[in-house]
Amino acid sequence: MSDAVISVTGETFDQVVIQSETLVMVDFWATWCGPCKIVAPVVEELAKEYDGKVVFAKVNTDENPDLASKHGIRGIPTLMFFKGGEVKDQVVGAVPKAQLKSKIDSFLG
Amino acid sequence: MYDVIIIGGGPAGLTAGLYTSRGRLKTLLIEKGLIGGLVTTTEWVENYPGFEEGVMGAELAQKMQQQATKFGLEIKQAAVERVSVDGKKKTITLDDGSQLEAKALILTTGAHPRTLKIPGEDEFRGKGVSYCATCDGAFFKDNDIAVVGGGDSAVQEAIFLTKFAKTVYVIHRRDKLRAEKILQERALSNPKIKFLWDSVVEKIDGDNSGVTSLLVKNVKTNENTKIDVQGVFIYIGYNPNTEFMSGLANLDKENYLITDENMSTSSPGVYAAGDVRAKQLKQIATAVGDGAIAGVEAEKYIEENY
């Protein structure tokens, strides 16, 4: 499945994000958030470019408030990087694609 | 070559694009972020005529976009790196290195929120420090939070934040608000809003969970107080987005573009409209007025010079 940023919920988060063997980038977003709309297409593009190397997921914070509060989300969009089930880094706000790429590349080594 | 290139997709740019497109000029609008600009970070717009019940910021932006594109305005999502003027030709270099040319240029890049530049502000950005109540307010349900500032944005967003927060402290360096009187009345009578007058934030403290408190100094007594809050929303004014314009046209001492009443900058064929322009009142209503003038003036310039 190359075309998808996987939409995860409280039920699937563990399986998709925590248990992933590869790096995972999770986009915490909501429908009413303007800057989230800037980030979403960038994440889609990254998902295509890093297909097979990185898992891309998204969490709707309105539908999954527990996941948002568990991860201390205080602003969206928040892009959180997970490796081996742990949070390694995060970026808040709409940032340029190049900046996200260099972050991903640094994790991939 | 385009007839007109507009940089910035807020109300000023979209209105300029509406006018030039209706003037049958081949027009491109370049926006690096979200169409609508700062308007999209306001939940509710109450002082734009024609919407007697008020209108959502995002919806207003979308309507302006649809109206302009209906008449042929082309919109491109990209960031501008450089603008140069060589005689009559204006060249725009985008961040991917590609170049675009135009006969006339309209700069509507707007402004971005000013930062406090105090310890903890960068560290806790997105972890309690926010510049967008609409984006982040919902994460502070039943929390105590603070808003810094005393202008329209600060007061309006403080009122908005009472939908979620238990207490909203408004921290203002003076002893009275600058905001519209109607906003002042609403804020002063809102039991959830507490005012800290003559006060500035010195430091933002927190832990792994994010912001936990602010150190607030009273500028008259020099007394420091710690207030426990989980969030702080900063609305202390704006800085113009003119970084890539050095040498292009004259700026004032705060780096806003100087224009005459026809929106002409010091560079022939280059116009400015909206919040990026040096002027007193920065509102959606004034931005669209600027945009209309800039659009019509750009059309005149092209007729006379090409």
# chains A, B, ... in the order shown; residues from 1 in each chain; ligands from 1

call {"tool": "interface_residues", "arguments": {"of": "chain B", "to": "chain A", "cutoff": "10 Å", "atoms": "only C-alpha atoms", "output": "number ranges by chain"}}
result
B: 32-43, 57-58, 77, 79, 124-140, 208-211, 230-231

call {"tool": "residues_around", "arguments": {"residues": "Glu46 in chain B", "least_positions_apart": "4", "cutoff": "12 Å", "atoms": "only C-alpha atoms", "output": "list of chain:residue names"}}
result
B:Val39, B:Thr42, B:Gly50, B:Phe51, B:Glu52, B:Glu53, B:Gly54, B:Val55, B:Met56, B:Gly57, B:Leu60, B:Asp152, B:Gln156, B:Glu180, B:Ile182, B:Leu183, B:Gln283, B:Ile284, B:Ala285

call {"tool": "atom_distance", "arguments": {"atom1": "CA of Pro11 in chain B", "atom2": "CA of Val170 in chain B"}}
result
28.7 Å

call {"tool": "residues_around", "arguments": {"residues": "Ala16 in chain B", "least_positions_apart": "4", "cutoff": "9 Å", "atoms": "only C-alpha atoms", "output": "VMD selection string"}}
result
chain B and resid 6 11 to 12 20 to 21 68 106 108 273 288 290 to 296

call {"tool": "residues_around", "arguments": {"residues": "Asp95 in chain B", "least_positions_apart": "2", "cutoff": "12 Å", "atoms": "only C-alpha atoms", "output": "number ranges by chain"}}
result
A: 96-98; B: 30, 32, 77-83, 92-93, 97-100, 244

call {"tool": "select_by_dssp", "arguments": {"residues": "range 14-96 of chain A", "states": "strand (DSSP E or B)", "output": "list in words"}}
result
Leu23, Val24, Met25, Val26, Asp27, Phe28, Trp29, Val54, Val55, Phe56, Ala57, Lys58, Val59, Asn60, Thr78, Leu79, Met80, Phe81, Phe82, Lys83, Glu86, Val87, Lys88, Asp89, Gln90, Val91 and Val92 of chain A

call {"tool": "select_by_dssp", "arguments": {"residues": "range 23-97 of chain A", "states": "helix (DSSP H, G or I)", "output": "PDB file with all heavy atoms, in the first residue's frame"}}
result
ATOM      1  N   GLY A  34      -6.293  25.177  10.458  1.00  0.00           N
ATOM      2  CA  GLY A  34      -5.777  25.670   9.177  1.00  0.00           C
ATOM      3  C   GLY A  34      -4.400  25.138   8.823  1.00  0.00           C
ATOM      4  O   GLY A  34      -4.216  24.544   7.759  1.00  0.00           O
ATOM      5  N   PRO A  35      -3.413  25.334   9.717  1.00  0.00           N
ATOM      6  CA  PRO A  35      -2.066  24.878   9.382  1.00  0.00           C
ATOM      7  C   PRO A  35      -1.988  23.366   9.114  1.00  0.00           C
ATOM      8  O   PRO A  35      -1.109  22.907   8.381  1.00  0.00           O
ATOM      9  CB  PRO A  35      -1.247  25.241  10.633  1.00  0.00           C
ATOM     10  CG  PRO A  35      -2.003  26.358  11.266  1.00  0.00           C
ATOM     11  CD  PRO A  35      -3.449  26.094  10.981  1.00  0.00           C
ATOM     12  N   CYS A  36      -2.914  22.603   9.695  1.00  0.00           N
ATOM     13  CA  CYS A  36      -2.930  21.148   9.437  1.00  0.00           C
ATOM     14  C   CYS A  36      -3.159  20.872   7.953  1.00  0.00           C
ATOM     15  O   CYS A  36      -2.667  19.898   7.405  1.00  0.00           O
ATOM     16  CB  CYS A  36      -4.032  20.466  10.241  1.00  0.00           C
ATOM     17  SG  CYS A  36      -3.776  20.549  12.015  1.00  0.00           S
ATOM     18  N   LYS A  37      -3.934  21.776   7.332  1.00  0.00           N
ATOM     19  CA  LYS A  37      -4.237  21.589   5.910  1.00  0.00           C
ATOM     20  C   LYS A  37      -3.025  21.854   5.032  1.00  0.00           C
ATOM     21  O   LYS A  37      -2.977  21.425   3.889  1.00  0.00           O
ATOM     22  CB  LYS A  37      -5.405  22.492   5.506  1.00  0.00           C
ATOM     23  CG  LYS A  37      -6.679  22.063   6.173  1.00  0.00           C
ATOM     24  CD  LYS A  37      -7.871  22.859   5.688  1.00  0.00           C
ATOM     25  CE  LYS A  37      -9.122  22.434   6.447  1.00  0.00           C
ATOM     26  NZ  LYS A  37      -9.771  23.535   7.143  1.00  0.00           N
ATOM     27  N   ILE A  38      -2.062  22.607   5.560  1.00  0.00           N
ATOM     28  CA  ILE A  38      -0.825  22.830   4.811  1.00  0.00           C
ATOM     29  C   ILE A  38       0.063  21.601   4.923  1.00  0.00           C
ATOM     30  O   ILE A  38       0.710  21.181   3.970  1.00  0.00           O
ATOM     31  CB  ILE A  38      -0.044  24.048   5.375  1.00  0.00           C
ATOM     32  CG1 ILE A  38      -0.928  25.285   5.381  1.00  0.00           C
ATOM     33  CG2 ILE A  38       1.227  24.285   4.583  1.00  0.00           C
ATOM     34  CD1 ILE A  38      -0.272  26.479   6.042  1.00  0.00           C
ATOM     35  N   VAL A  39       0.082  21.031   6.115  1.00  0.00           N
ATOM     36  CA  VAL A  39       0.977  19.910   6.388  1.00  0.00           C
ATOM     37  C   VAL A  39       0.503  18.608   5.722  1.00  0.00           C
ATOM     38  O   VAL A  39       1.319  17.839   5.223  1.00  0.00           O
ATOM     39  CB  VAL A  39       1.124  19.720   7.922  1.00  0.00           C
ATOM     40  CG1 VAL A  39       1.724  18.381   8.262  1.00  0.00           C
ATOM     41  CG2 VAL A  39       1.990  20.841   8.484  1.00  0.00           C
ATOM     42  N   ALA A  40      -0.813  18.401   5.690  1.00  0.00           N
ATOM     43  CA  ALA A  40      -1.340  17.114   5.203  1.00  0.00           C
ATOM     44  C   ALA A  40      -0.813  16.714   3.820  1.00  0.00           C
ATOM     45  O   ALA A  40      -0.323  15.594   3.658  1.00  0.00           O
ATOM     46  CB  ALA A  40      -2.865  17.131   5.241  1.00  0.00           C
ATOM     47  N   PRO A  41      -0.867  17.605   2.814  1.00  0.00           N
ATOM     48  CA  PRO A  41      -0.349  17.196   1.499  1.00  0.00           C
ATOM     49  C   PRO A  41       1.147  16.919   1.506  1.00  0.00           C
ATOM     50  O   PRO A  41       1.636  16.083   0.735  1.00  0.00           O
ATOM     51  CB  PRO A  41      -0.691  18.376   0.585  1.00  0.00           C
ATOM     52  CG  PRO A  41      -1.075  19.506   1.456  1.00  0.00           C
ATOM     53  CD  PRO A  41      -1.507  18.931   2.767  1.00  0.00           C
ATOM     54  N   VAL A  42       1.879  17.615   2.366  1.00  0.00           N
ATOM     55  CA  VAL A  42       3.324  17.374   2.477  1.00  0.00           C
ATOM     56  C   VAL A  42       3.566  15.965   3.015  1.00  0.00           C
ATOM     57  O   VAL A  42       4.422  15.228   2.518  1.00  0.00           O
ATOM     58  CB  VAL A  42       3.987  18.434   3.394  1.00  0.00           C
ATOM     59  CG1 VAL A  42       5.444  18.103   3.638  1.00  0.00           C
ATOM     60  CG2 VAL A  42       3.846  19.820   2.794  1.00  0.00           C
ATOM     61  N   VAL A  43       2.783  15.584   4.009  1.00  0.00           N
ATOM     62  CA  VAL A  43       2.916  14.238   4.587  1.00  0.00           C
ATOM     63  C   VAL A  43       2.574  13.181   3.532  1.00  0.00           C
ATOM     64  O   VAL A  43       3.243  12.158   3.419  1.00  0.00           O
ATOM     65  CB  VAL A  43       2.027  14.094   5.847  1.00  0.00           C
ATOM     66  CG1 VAL A  43       2.080  12.669   6.392  1.00  0.00           C
ATOM     67  CG2 VAL A  43       2.467  15.082   6.917  1.00  0.00           C
ATOM     68  N   GLU A  44       1.547  13.456   2.739  1.00  0.00           N
ATOM     69  CA  GLU A  44       1.185  12.541   1.653  1.00  0.00           C
ATOM     70  C   GLU A  44       2.354  12.344   0.691  1.00  0.00           C
ATOM     71  O   GLU A  44       2.677  11.220   0.292  1.00  0.00           O
ATOM     72  CB  GLU A  44      -0.021  13.088   0.858  1.00  0.00           C
ATOM     73  CG  GLU A  44      -1.329  13.119   1.619  1.00  0.00           C
ATOM     74  CD  GLU A  44      -2.019  11.759   1.684  1.00  0.00           C
ATOM     75  OE1 GLU A  44      -1.604  10.861   0.935  1.00  0.00           O
ATOM     76  OE2 GLU A  44      -2.952  11.611   2.499  1.00  0.00           O
ATOM     77  N   GLU A  45       2.997  13.458   0.335  1.00  0.00           N
ATOM     78  CA  GLU A  45       4.142  13.380  -0.587  1.00  0.00           C
ATOM     79  C   GLU A  45       5.283  12.584   0.032  1.00  0.00           C
ATOM     80  O   GLU A  45       5.894  11.744  -0.634  1.00  0.00           O
ATOM     81  CB  GLU A  45       4.646  14.787  -0.923  1.00  0.00           C
ATOM     82  CG  GLU A  45       3.771  15.539  -1.915  1.00  0.00           C
ATOM     83  CD  GLU A  45       4.207  17.001  -2.070  1.00  0.00           C
ATOM     84  OE1 GLU A  45       5.425  17.292  -1.935  1.00  0.00           O
ATOM     85  OE2 GLU A  45       3.331  17.835  -2.308  1.00  0.00           O
ATOM     86  N   LEU A  46       5.558  12.858   1.310  1.00  0.00           N
ATOM     87  CA  LEU A  46       6.643  12.146   1.991  1.00  0.00           C
ATOM     88  C   LEU A  46       6.345  10.647   2.035  1.00  0.00           C
ATOM     89  O   LEU A  46       7.240   9.818   1.869  1.00  0.00           O
ATOM     90  CB  LEU A  46       6.834  12.688   3.408  1.00  0.00           C
ATOM     91  CG  LEU A  46       7.407  14.107   3.510  1.00  0.00           C
ATOM     92  CD1 LEU A  46       7.309  14.617   4.942  1.00  0.00           C
ATOM     93  CD2 LEU A  46       8.859  14.142   3.039  1.00  0.00           C
ATOM     94  N   ALA A  47       5.066  10.314   2.248  1.00  0.00           N
ATOM     95  CA  ALA A  47       4.676   8.901   2.325  1.00  0.00           C
ATOM     96  C   ALA A  47       5.011   8.191   1.019  1.00  0.00           C
ATOM     97  O   ALA A  47       5.413   7.021   1.022  1.00  0.00           O
ATOM     98  CB  ALA A  47       3.187   8.785   2.632  1.00  0.00           C
ATOM     99  N   LYS A  48       4.867   8.897  -0.090  1.00  0.00           N
ATOM    100  CA  LYS A  48       5.197   8.289  -1.382  1.00  0.00           C
ATOM    101  C   LYS A  48       6.700   8.170  -1.551  1.00  0.00           C
ATOM    102  O   LYS A  48       7.230   7.148  -1.991  1.00  0.00           O
ATOM    103  CB  LYS A  48       4.592   9.107  -2.519  1.00  0.00           C
ATOM    104  CG  LYS A  48       3.095   8.882  -2.589  1.00  0.00           C
ATOM    105  CD  LYS A  48       2.454   9.594  -3.766  1.00  0.00           C
ATOM    106  CE  LYS A  48       0.931   9.471  -3.653  1.00  0.00           C
ATOM    107  NZ  LYS A  48       0.242  10.736  -3.752  1.00  0.00           N
ATOM    108  N   GLU A  49       7.412   9.244  -1.154  1.00  0.00           N
ATOM    109  CA  GLU A  49       8.863   9.256  -1.347  1.00  0.00           C
ATOM    110  C   GLU A  49       9.585   8.243  -0.466  1.00  0.00           C
ATOM    111  O   GLU A  49      10.623   7.713  -0.849  1.00  0.00           O
ATOM    112  CB  GLU A  49       9.415  10.666  -1.086  1.00  0.00           C
ATOM    113  CG  GLU A  49       9.036  11.646  -2.189  1.00  0.00           C
ATOM    114  CD  GLU A  49       9.402  13.087  -1.840  1.00  0.00           C
ATOM    115  OE1 GLU A  49      10.414  13.286  -1.154  1.00  0.00           O
ATOM    116  OE2 GLU A  49       8.650  14.000  -2.258  1.00  0.00           O
ATOM    117  N   PRO A  65      -9.268  11.927  21.406  1.00  0.00           N
ATOM    118  CA  PRO A  65      -8.704  12.843  22.410  1.00  0.00           C
ATOM    119  C   PRO A  65      -7.765  12.139  23.395  1.00  0.00           C
ATOM    120  O   PRO A  65      -6.827  12.754  23.900  1.00  0.00           O
ATOM    121  CB  PRO A  65      -9.954  13.396  23.120  1.00  0.00           C
ATOM    122  CG  PRO A  65     -11.055  12.465  22.793  1.00  0.00           C
ATOM    123  CD  PRO A  65     -10.734  11.866  21.472  1.00  0.00           C
ATOM    124  N   ASP A  66      -8.010  10.852  23.647  1.00  0.00           N
ATOM    125  CA  ASP A  66      -7.157  10.123  24.591  1.00  0.00           C
ATOM    126  C   ASP A  66      -5.729   9.996  24.061  1.00  0.00           C
ATOM    127  O   ASP A  66      -4.768  10.174  24.798  1.00  0.00           O
ATOM    128  CB  ASP A  66      -7.716   8.729  24.871  1.00  0.00           C
ATOM    129  CG  ASP A  66      -9.035   8.813  25.646  1.00  0.00           C
ATOM    130  OD1 ASP A  66      -9.364   9.928  26.088  1.00  0.00           O
ATOM    131  OD2 ASP A  66      -9.710   7.786  25.771  1.00  0.00           O
ATOM    132  N   LEU A  67      -5.619   9.706  22.760  1.00  0.00           N
ATOM    133  CA  LEU A  67      -4.275   9.601  22.163  1.00  0.00           C
ATOM    134  C   LEU A  67      -3.564  10.949  22.207  1.00  0.00           C
ATOM    135  O   LEU A  67      -2.370  11.022  22.471  1.00  0.00           O
ATOM    136  CB  LEU A  67      -4.383   9.146  20.699  1.00  0.00           C
ATOM    137  CG  LEU A  67      -4.491   7.646  20.426  1.00  0.00           C
ATOM    138  CD1 LEU A  67      -4.557   7.411  18.927  1.00  0.00           C
ATOM    139  CD2 LEU A  67      -3.324   6.878  21.040  1.00  0.00           C
ATOM    140  N   ALA A  68      -4.327  12.007  21.955  1.00  0.00           N
ATOM    141  CA  ALA A  68      -3.735  13.346  21.959  1.00  0.00           C
ATOM    142  C   ALA A  68      -3.243  13.705  23.357  1.00  0.00           C
ATOM    143  O   ALA A  68      -2.122  14.177  23.526  1.00  0.00           O
ATOM    144  CB  ALA A  68      -4.760  14.375  21.468  1.00  0.00           C
ATOM    145  N   SER A  69      -4.068  13.448  24.371  1.00  0.00           N
ATOM    146  CA  SER A  69      -3.642  13.846  25.718  1.00  0.00           C
ATOM    147  C   SER A  69      -2.530  12.927  26.229  1.00  0.00           C
ATOM    148  O   SER A  69      -1.620  13.368  26.918  1.00  0.00           O
ATOM    149  CB  SER A  69      -4.831  13.890  26.678  1.00  0.00           C
ATOM    150  OG  SER A  69      -5.291  12.598  26.951  1.00  0.00           O
ATOM    151  N   LYS A  70      -2.576  11.654  25.851  1.00  0.00           N
ATOM    152  CA  LYS A  70      -1.519  10.724  26.260  1.00  0.00           C
ATOM    153  C   LYS A  70      -0.149  11.179  25.746  1.00  0.00           C
ATOM    154  O   LYS A  70       0.874  11.001  26.408  1.00  0.00           O
ATOM    155  CB  LYS A  70      -1.843   9.324  25.712  1.00  0.00           C
ATOM    156  CG  LYS A  70      -0.911   8.242  26.224  1.00  0.00           C
ATOM    157  CD  LYS A  70      -1.290   6.889  25.646  1.00  0.00           C
ATOM    158  CE  LYS A  70      -0.150   5.907  25.866  1.00  0.00           C
ATOM    159  NZ  LYS A  70      -0.326   4.699  25.042  1.00  0.00           N
ATOM    160  N   LYS A  97       8.814  21.259   3.796  1.00  0.00           N
ATOM    161  CA  LYS A  97       9.058  19.857   3.498  1.00  0.00           C
ATOM    162  C   LYS A  97      10.537  19.490   3.668  1.00  0.00           C
ATOM    163  O   LYS A  97      10.873  18.437   4.206  1.00  0.00           O
ATOM    164  CB  LYS A  97       8.605  19.581   2.065  1.00  0.00           C
ATOM    165  CG  LYS A  97       8.657  18.134   1.674  1.00  0.00           C
ATOM    166  CD  LYS A  97       8.144  17.984   0.251  1.00  0.00           C
ATOM    167  CE  LYS A  97       8.378  16.575  -0.245  1.00  0.00           C
ATOM    168  NZ  LYS A  97       8.027  16.450  -1.660  1.00  0.00           N
TER     169      LYS A  97
END

call {"tool": "closest_residue", "arguments": {"among": "A:Val8, A:Met25, A:Leu100, A:Met80", "to": "Val59 in chain A", "atoms": "only C-alpha atoms"}}
result
A:Val8

call {"tool": "closest_residue", "arguments": {"among": "B:Ser84, B:Gln280, B:Thr212, B:Thr115", "to": "Ile145 in chain B", "atoms": "only C-alpha atoms"}}
result
B:Thr212

call {"tool": "residues_around", "arguments": {"residues": "Ser213 in chain B", "least_positions_apart": "4", "cutoff": "12 Å", "atoms": "only C-alpha atoms", "output": "PyMOL selection string"}}
result
chain B and resi 120-121+124+128-129+143-146+169+201-207+209+225-232

call {"tool": "write_last_selection", "arguments": {"atoms": "C-alpha atoms", "output": "PDB file, in the first residue's frame"}}
result
ATOM      1  CA  GLY B 120      11.031  29.221  27.690  1.00  0.00           C
ATOM      2  CA  GLU B 121       9.165  30.644  24.693  1.00  0.00           C
ATOM      3  CA  PHE B 124       7.696  25.196  24.984  1.00  0.00           C
ATOM      4  CA  GLY B 128       1.739  25.272  25.852  1.00  0.00           C
ATOM      5  CA  VAL B 129       3.148  28.291  24.015  1.00  0.00           C
ATOM      6  CA  ASN B 143      -6.992  24.383  32.257  1.00  0.00           C
ATOM      7  CA  ASP B 144      -5.820  27.769  33.450  1.00  0.00           C
ATOM      8  CA  ILE B 145      -4.169  29.713  30.661  1.00  0.00           C
ATOM      9  CA  ALA B 146      -2.829  33.177  29.889  1.00  0.00           C
ATOM     10  CA  TYR B 169      -5.463  35.587  32.573  1.00  0.00           C
ATOM     11  CA  VAL B 201       5.886  37.966  31.279  1.00  0.00           C
ATOM     12  CA  GLU B 202       9.550  37.496  32.187  1.00  0.00           C
ATOM     13  CA  LYS B 203       9.877  33.746  31.857  1.00  0.00           C
ATOM     14  CA  ILE B 204       7.890  30.670  30.837  1.00  0.00           C
ATOM     15  CA  ASP B 205       8.495  27.601  33.001  1.00  0.00           C
ATOM     16  CA  GLY B 206       7.539  24.010  32.451  1.00  0.00           C
ATOM     17  CA  ASP B 207       8.433  20.350  32.594  1.00  0.00           C
ATOM     18  CA  SER B 209       4.337  17.808  30.111  1.00  0.00           C
ATOM     19  CA  THR B 225       4.465  36.862  40.732  1.00  0.00           C
ATOM     20  CA  LYS B 226       4.320  33.260  39.629  1.00  0.00           C
ATOM     21  CA  ILE B 227       1.059  32.204  38.038  1.00  0.00           C
ATOM     22  CA  ASP B 228       0.269  28.557  37.358  1.00  0.00           C
ATOM     23  CA  VAL B 229      -0.969  28.020  33.811  1.00  0.00           C
ATOM     24  CA  GLN B 230      -0.776  25.196  31.295  1.00  0.00           C
ATOM     25  CA  GLY B 231      -0.829  27.434  28.266  1.00  0.00           C
ATOM     26  CA  VAL B 232       0.141  30.908  27.120  1.00  0.00           C
TER      27      VAL B 232
END
